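Everything below concerns the one structure shown next.
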Amino acid sequence: MSLRKLMDWFDNRLGISDVLSFMTKKDIPQHKHSIWYYTGSSILLFFCIQVVTGFMLALYYRPTLEEANASVARIMTEVPMGWLVRSLHSWSASFMIIFVFVHLLSIWITKAYRPPREITWMTGVFLLVVSLAFGFTGYLLPWDDLSLSATKVGTDIPRAIPVMGAWVTKFLRGGEDVTGDTLTRFFSIHISILPVFAFLFLAFHLFLIQKHGVSYPLELEEKKERVKTLPFWPNFVYREMVVWLVLIGILCTVVIFLPPSLDTQADLMAPAPEGVKPEWYFLFLFQTLKIFPSQMLIVSGETMAILLILLGFMLFFFLPLFDTKPTEWRGKLITFSAYIVVLYAVIMSVWSLL
Amino acid sequence: MKIKYSLITRRNFLNGLLGGWAAALMASFISPALKFVFPPYREPDEVILPWSEYKDMSPNSTKIFPWGSKPGIFKQNDDGTHTAFVGVCTHLDCNVTYIPDQRKFFCACHDGWYDENGIQIAGPPPTPMRKLEITIEGEDLIIRKPGVKVE
Ligand code: FES
């Protein structure tokens, strides 16, 4: 049987040529904001790296109170290339979060979530939450001093939410306190629950993007026909691959020269070490909590802070539903607020490091 | 009385029956699942420690003992009395530490301070540290949750 025939055999059963012709017909517009189209596939690149390196780390990691820290130490010192795999996993996580932020911001600023893409935006915000949850649960797994205290603080925060909060804390910790159960629980959330959500939302997100096609910037919406375009396959994908190559180059450089450290094993009885900090992407929330006084009006400062943060998140999630008049002052204000949020996050993060 | 036509079609009836059955079955799974996910946990009512290890502490010093899965802090005061605290910050649960020179408890997580009696004096902590009751019976140092009666 010739190759041609073999291909046909599969094509008749899988419909590959339909997919290919759909991809060739899909056009990517070229204009001065085109660069943001590349952020999505960059996230996908780092996500794939996370999946592969995550599988690898799980071969040696042991999620128990007694062995967690030692097993990470073993990965770093004994397992051949172990330090490299852990360093990749840790750095690629940060890179992924950076690109998730940039991706969402670019959509916010260019208002690409205009109808009919509101739900695409919302699935994207879910994916942001899933990514942050990956980061939060992963941070505890090496089980060292800093990660223990950061997790104590992080899991205690929901307690300040009226009514539901105490249950959330209990659920996250697997009890009243952070213990070995918390570690095992975080591990299983990190490697089984979150991946399921990540894949589901990712599939849904990608499906919606195929369904609606790529969004045009607001100012080009009217003259769509005159905008130059590029076929998705193969032209655009080839360009994306060039971007990936550059990103992998940068990633490998930091991975090799700045591998993550590992502190001494966490001790549940020891006082919190100085300089407890969460991962960099939580710093601005951390600082926000810190500057609220202990008592505000009738509630504690903490409750106030967390309610405000939740409110902010809700606004963010439903953004496309508010931003219905893009060219009027409300739309301009919403675009402007994106810059304010970035400024706030940067100032707070830097402040927390001082 | 016999009605000439049925009020509900056979399909609707079956849908309701099977749907109701499925919903009830699912609902009956929720409670055991929740019980599994939220393990029961109780803070200890009391811990018993060997008094000999604590009786010769110098004034204004502290010793840590395990209070369940958190640290407890046993403190020897200047006048020979003792106090016991649950050693976690009332802000967000970090373990605190006693700094004898300054006669203060300190929480490194967000710069929280308590005086030597566990009263919050600076930073975010909203309430005083939790105190525990101390009794000494022969060789045993017994530390209890306030108000708990143990036989
Ligand atoms: S946890 Fe102690 S000050 Fe925040």
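Residue numbering restarts at 1 in every chain; chains get A, B, ... in the order shown in the structure tokens, and ligands count up from 1 in that same order.
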Surrounding residues as number ranges by chain, ligand 1, max 12 Å, only C-alpha atoms and all ligand atoms | A: 149-157, 271-277, 286-287, 289-294, 301-302; B: 87-97, 105-114, 120-129
Name the residues in contact with Leu285 of chain A at a cut-off of 12 Å, using only C-alpha atoms, excluding same-chain residues fewer than 4 positions from it; report them as a PyMOL selection string.
-> chain A and resi 153-154+157+277-281+289-292+302+305-306+308-310+312-313+341+344-352
Preceding selection exported with C-alpha atoms as a PDB file, in the first residue's frame:
```pdb
ATOM      1  CA  VAL A 153      -0.764  32.822  55.504  1.00  0.00           C
ATOM      2  CA  GLY A 154      -2.241  32.054  52.096  1.00  0.00           C
ATOM      3  CA  ILE A 157      -6.770  34.428  54.146  1.00  0.00           C
ATOM      4  CA  LYS A 277       7.031  36.027  50.825  1.00  0.00           C
ATOM      5  CA  PRO A 278       4.771  34.343  48.364  1.00  0.00           C
ATOM      6  CA  GLU A 279       5.700  33.883  44.719  1.00  0.00           C
ATOM      7  CA  TRP A 280       6.252  37.155  42.875  1.00  0.00           C
ATOM      8  CA  TYR A 281       2.834  37.097  41.238  1.00  0.00           C
ATOM      9  CA  LEU A 289      -3.179  42.750  52.940  1.00  0.00           C
ATOM     10  CA  LYS A 290      -0.273  44.168  54.859  1.00  0.00           C
ATOM     11  CA  ILE A 291      -1.244  47.807  54.554  1.00  0.00           C
ATOM     12  CA  PHE A 292      -4.789  47.377  55.799  1.00  0.00           C
ATOM     13  CA  GLU A 302      -8.417  41.718  56.625  1.00  0.00           C
ATOM     14  CA  ALA A 305      -9.184  43.850  52.122  1.00  0.00           C
ATOM     15  CA  ILE A 306     -10.280  40.447  50.955  1.00  0.00           C
ATOM     16  CA  LEU A 308     -12.311  44.425  48.041  1.00  0.00           C
ATOM     17  CA  ILE A 309      -9.998  41.988  46.279  1.00  0.00           C
ATOM     18  CA  LEU A 310     -12.942  39.695  45.531  1.00  0.00           C
ATOM     19  CA  GLY A 312     -12.083  43.610  41.984  1.00  0.00           C
ATOM     20  CA  PHE A 313     -11.857  40.085  40.681  1.00  0.00           C
ATOM     21  CA  VAL A 341      -4.064  48.225  37.698  1.00  0.00           C
ATOM     22  CA  TYR A 344      -0.751  49.502  41.243  1.00  0.00           C
ATOM     23  CA  ALA A 345       0.535  45.926  40.971  1.00  0.00           C
ATOM     24  CA  VAL A 346       4.060  47.067  40.124  1.00  0.00           C
ATOM     25  CA  ILE A 347       4.228  49.654  42.916  1.00  0.00           C
ATOM     26  CA  MET A 348       2.852  47.250  45.509  1.00  0.00           C
ATOM     27  CA  SER A 349       5.190  44.438  44.426  1.00  0.00           C
ATOM     28  CA  VAL A 350       8.263  46.662  44.563  1.00  0.00           C
ATOM     29  CA  TRP A 351       7.164  48.056  47.916  1.00  0.00           C
ATOM     30  CA  SER A 352       6.784  44.574  49.378  1.00  0.00           C
TER      31      SER A 352
END
```
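Across the model, the gap from atom CA of Ile143 of chain B to atom CA of Asp56 of chain B is 17.3 Å.
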Skipping near chain neighbours, those fewer than 2 positions away, what residues fall within 12 Å of Phe85 of chain B using only C-alpha atoms, listed as a VMD selection string?
-> chain B and resid 62 to 67 70 to 76 82 to 83 87 to 90 95 to 98 105 114 116 to 119 128 to 134 143 to 146
I need the residues from that last selection saved to file as a PDB file, in the first residue's frame (with C-alpha atoms), if you can.
```
ATOM      1  CA  THR B  62      10.197  30.721  76.859  1.00  0.00           C
ATOM      2  CA  LYS B  63      10.032  27.133  75.747  1.00  0.00           C
ATOM      3  CA  ILE B  64       8.043  25.662  72.903  1.00  0.00           C
ATOM      4  CA  PHE B  65       5.835  22.615  73.370  1.00  0.00           C
ATOM      5  CA  PRO B  66       3.647  20.885  70.790  1.00  0.00           C
ATOM      6  CA  TRP B  67       0.014  21.923  71.091  1.00  0.00           C
ATOM      7  CA  LYS B  70       0.838  24.032  66.356  1.00  0.00           C
ATOM      8  CA  PRO B  71       3.462  25.294  68.725  1.00  0.00           C
ATOM      9  CA  GLY B  72       2.512  26.292  72.239  1.00  0.00           C
ATOM     10  CA  ILE B  73       4.727  28.733  74.126  1.00  0.00           C
ATOM     11  CA  PHE B  74       5.431  28.260  77.814  1.00  0.00           C
ATOM     12  CA  LYS B  75       6.731  31.418  79.423  1.00  0.00           C
ATOM     13  CA  GLN B  76       8.456  31.894  82.757  1.00  0.00           C
ATOM     14  CA  HIS B  82       4.077  31.126  84.235  1.00  0.00           C
ATOM     15  CA  THR B  83       1.911  31.746  81.251  1.00  0.00           C
ATOM     16  CA  GLY B  87       2.078  30.228  69.673  1.00  0.00           C
ATOM     17  CA  VAL B  88       0.395  31.369  66.490  1.00  0.00           C
ATOM     18  CA  CYS B  89      -0.366  34.853  65.342  1.00  0.00           C
ATOM     19  CA  THR B  90      -3.996  35.916  65.469  1.00  0.00           C
ATOM     20  CA  ASN B  95       4.180  30.969  64.302  1.00  0.00           C
ATOM     21  CA  VAL B  96       5.331  33.768  66.589  1.00  0.00           C
ATOM     22  CA  THR B  97       8.553  34.002  68.560  1.00  0.00           C
ATOM     23  CA  TYR B  98       9.420  35.639  71.882  1.00  0.00           C
ATOM     24  CA  PHE B 105       6.294  38.482  70.899  1.00  0.00           C
ATOM     25  CA  TYR B 114       2.488  41.555  71.064  1.00  0.00           C
ATOM     26  CA  GLU B 116       4.838  40.072  77.073  1.00  0.00           C
ATOM     27  CA  ASN B 117       1.257  39.334  78.104  1.00  0.00           C
ATOM     28  CA  GLY B 118       0.283  38.511  74.556  1.00  0.00           C
ATOM     29  CA  ILE B 119      -1.641  41.737  73.953  1.00  0.00           C
ATOM     30  CA  PRO B 128      -4.451  39.096  71.772  1.00  0.00           C
ATOM     31  CA  MET B 129      -2.719  35.753  71.549  1.00  0.00           C
ATOM     32  CA  ARG B 130      -4.739  32.857  72.944  1.00  0.00           C
ATOM     33  CA  LYS B 131      -3.845  31.917  76.509  1.00  0.00           C
ATOM     34  CA  LEU B 132      -3.924  28.417  77.960  1.00  0.00           C
ATOM     35  CA  GLU B 133      -4.402  27.314  81.562  1.00  0.00           C
ATOM     36  CA  ILE B 134      -1.593  25.773  83.562  1.00  0.00           C
ATOM     37  CA  ILE B 143      -1.716  22.677  79.933  1.00  0.00           C
ATOM     38  CA  ARG B 144      -5.397  23.008  79.118  1.00  0.00           C
ATOM     39  CA  LYS B 145      -7.718  24.910  76.936  1.00  0.00           C
ATOM     40  CA  PRO B 146      -9.474  27.433  79.220  1.00  0.00           C
TER      41      PRO B 146
END
```
Write out as a list in words the residues lying within 9 Å of segment 44-56 of chain A, counting only C-alpha atoms and excluding same-chain residues fewer than 4 positions away.
->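 These residues fall inside the cut-off: Thr39, Gly40, Tyr60, Val85, Arg86, Leu88, His89, Ser90, Ser92, Ala93, Phe95, Met96, Ile191, Pro195, Trp244 and Ile248 of chain A.
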Atoms kept (N, CA and C atoms) for selection, written as a tab-separated table (two decimals), in the first residue's frame:
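Result file result-v2.tsv:
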```tsv
chain	number	residue	atom	x	y	z
A	39	THR	N	1.02	35.94	22.02
A	39	THR	CA	1.13	35.61	23.45
A	39	THR	C	0.39	34.32	23.80
A	40	GLY	N	-0.72	34.06	23.13
A	40	GLY	CA	-1.48	32.85	23.44
A	40	GLY	C	-0.67	31.59	23.23
A	60	TYR	N	10.06	11.20	41.05
A	60	TYR	CA	10.92	11.12	42.22
A	60	TYR	C	10.36	11.79	43.46
A	85	VAL	N	15.68	19.76	35.47
A	85	VAL	CA	14.24	19.56	35.31
A	85	VAL	C	13.47	20.42	36.31
A	86	ARG	N	13.94	20.46	37.56
A	86	ARG	CA	13.24	21.27	38.55
A	86	ARG	C	13.35	22.75	38.19
A	88	LEU	N	13.71	24.03	35.26
A	88	LEU	CA	12.80	24.27	34.13
A	88	LEU	C	11.36	24.43	34.61
A	89	HIS	N	10.95	23.51	35.49
A	89	HIS	CA	9.57	23.52	35.96
A	89	HIS	C	9.29	24.83	36.69
A	90	SER	N	10.24	25.24	37.53
A	90	SER	CA	10.04	26.43	38.32
A	90	SER	C	10.06	27.70	37.46
A	92	SER	N	9.73	27.95	34.08
A	92	SER	CA	8.72	27.97	33.04
A	92	SER	C	7.36	28.34	33.63
A	93	ALA	N	7.14	27.99	34.91
A	93	ALA	CA	5.91	28.41	35.59
A	93	ALA	C	5.83	29.94	35.63
A	95	PHE	N	7.41	32.08	33.72
A	95	PHE	CA	7.26	32.61	32.36
A	95	PHE	C	5.81	32.50	31.90
A	96	MET	N	5.21	31.35	32.24
A	96	MET	CA	3.83	31.15	31.82
A	96	MET	C	2.93	32.21	32.45
A	191	ILE	N	-1.41	17.94	40.95
A	191	ILE	CA	-1.17	17.02	39.83
A	191	ILE	C	-2.41	16.30	39.32
A	195	PRO	N	-4.89	19.92	36.71
A	195	PRO	CA	-4.70	19.57	35.30
A	195	PRO	C	-6.01	19.28	34.58
A	244	TRP	N	8.77	30.92	19.61
A	244	TRP	CA	9.05	29.86	20.59
A	244	TRP	C	10.55	29.64	20.75
A	248	ILE	N	12.44	29.84	24.19
A	248	ILE	CA	13.13	28.68	24.77
A	248	ILE	C	14.58	29.05	25.06
```
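The residue that comes closest to chain A, out of B:Val86, B:Ile136, B:Val148, B:Leu141 and on the basis of only C-alpha atoms, is B:Val86.
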Members of segment 30-271 of chain A assigned strand (DSSP E or B) by DSSP, as number ranges by chain | A: 144, 229-231, 265
Output file for the residues above (all heavy atoms, as a PDB file, in the first residue's frame):
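So the final result, stored in again_8.pdb, reads:
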```pdb
ATOM      1  N   ASP A 144       9.827  23.719  52.534  1.00  0.00           N
ATOM      2  CA  ASP A 144      10.851  24.366  53.340  1.00  0.00           C
ATOM      3  C   ASP A 144      10.238  25.508  54.147  1.00  0.00           C
ATOM      4  O   ASP A 144       9.045  25.783  54.042  1.00  0.00           O
ATOM      5  CB  ASP A 144      12.055  24.813  52.487  1.00  0.00           C
ATOM      6  CG  ASP A 144      11.654  25.712  51.338  1.00  0.00           C
ATOM      7  OD1 ASP A 144      10.555  26.266  51.376  1.00  0.00           O
ATOM      8  OD2 ASP A 144      12.461  25.847  50.398  1.00  0.00           O
ATOM      9  N   THR A 229      -3.850  40.061   5.562  1.00  0.00           N
ATOM     10  CA  THR A 229      -3.928  38.912   6.473  1.00  0.00           C
ATOM     11  C   THR A 229      -2.881  37.877   6.100  1.00  0.00           C
ATOM     12  O   THR A 229      -2.287  37.909   5.021  1.00  0.00           O
ATOM     13  CB  THR A 229      -5.300  38.228   6.413  1.00  0.00           C
ATOM     14  OG1 THR A 229      -5.495  37.735   5.088  1.00  0.00           O
ATOM     15  CG2 THR A 229      -6.408  39.167   6.804  1.00  0.00           C
ATOM     16  N   LEU A 230      -2.714  36.954   7.032  1.00  0.00           N
ATOM     17  CA  LEU A 230      -1.753  35.878   6.870  1.00  0.00           C
ATOM     18  C   LEU A 230      -2.495  34.574   7.138  1.00  0.00           C
ATOM     19  O   LEU A 230      -3.229  34.492   8.111  1.00  0.00           O
ATOM     20  CB  LEU A 230      -0.682  36.072   7.952  1.00  0.00           C
ATOM     21  CG  LEU A 230       0.731  35.621   7.739  1.00  0.00           C
ATOM     22  CD1 LEU A 230       1.338  36.359   6.550  1.00  0.00           C
ATOM     23  CD2 LEU A 230       1.522  35.941   8.995  1.00  0.00           C
ATOM     24  N   PRO A 231      -2.326  33.548   6.278  1.00  0.00           N
ATOM     25  CA  PRO A 231      -2.987  32.274   6.602  1.00  0.00           C
ATOM     26  C   PRO A 231      -2.419  31.706   7.898  1.00  0.00           C
ATOM     27  O   PRO A 231      -1.215  31.796   8.132  1.00  0.00           O
ATOM     28  CB  PRO A 231      -2.628  31.362   5.434  1.00  0.00           C
ATOM     29  CG  PRO A 231      -2.029  32.234   4.400  1.00  0.00           C
ATOM     30  CD  PRO A 231      -1.544  33.479   5.058  1.00  0.00           C
ATOM     31  N   GLN A 265      14.343  21.846  55.752  1.00  0.00           N
ATOM     32  CA  GLN A 265      13.015  21.268  55.900  1.00  0.00           C
ATOM     33  C   GLN A 265      12.149  22.086  56.851  1.00  0.00           C
ATOM     34  O   GLN A 265      12.608  22.540  57.892  1.00  0.00           O
ATOM     35  CB  GLN A 265      13.172  19.849  56.441  1.00  0.00           C
ATOM     36  CG  GLN A 265      11.853  19.217  56.769  1.00  0.00           C
ATOM     37  CD  GLN A 265      11.958  17.711  56.786  1.00  0.00           C
ATOM     38  OE1 GLN A 265      13.024  17.148  56.629  1.00  0.00           O
ATOM     39  NE2 GLN A 265      10.838  17.054  56.993  1.00  0.00           N
TER      40      GLN A 265
END
```
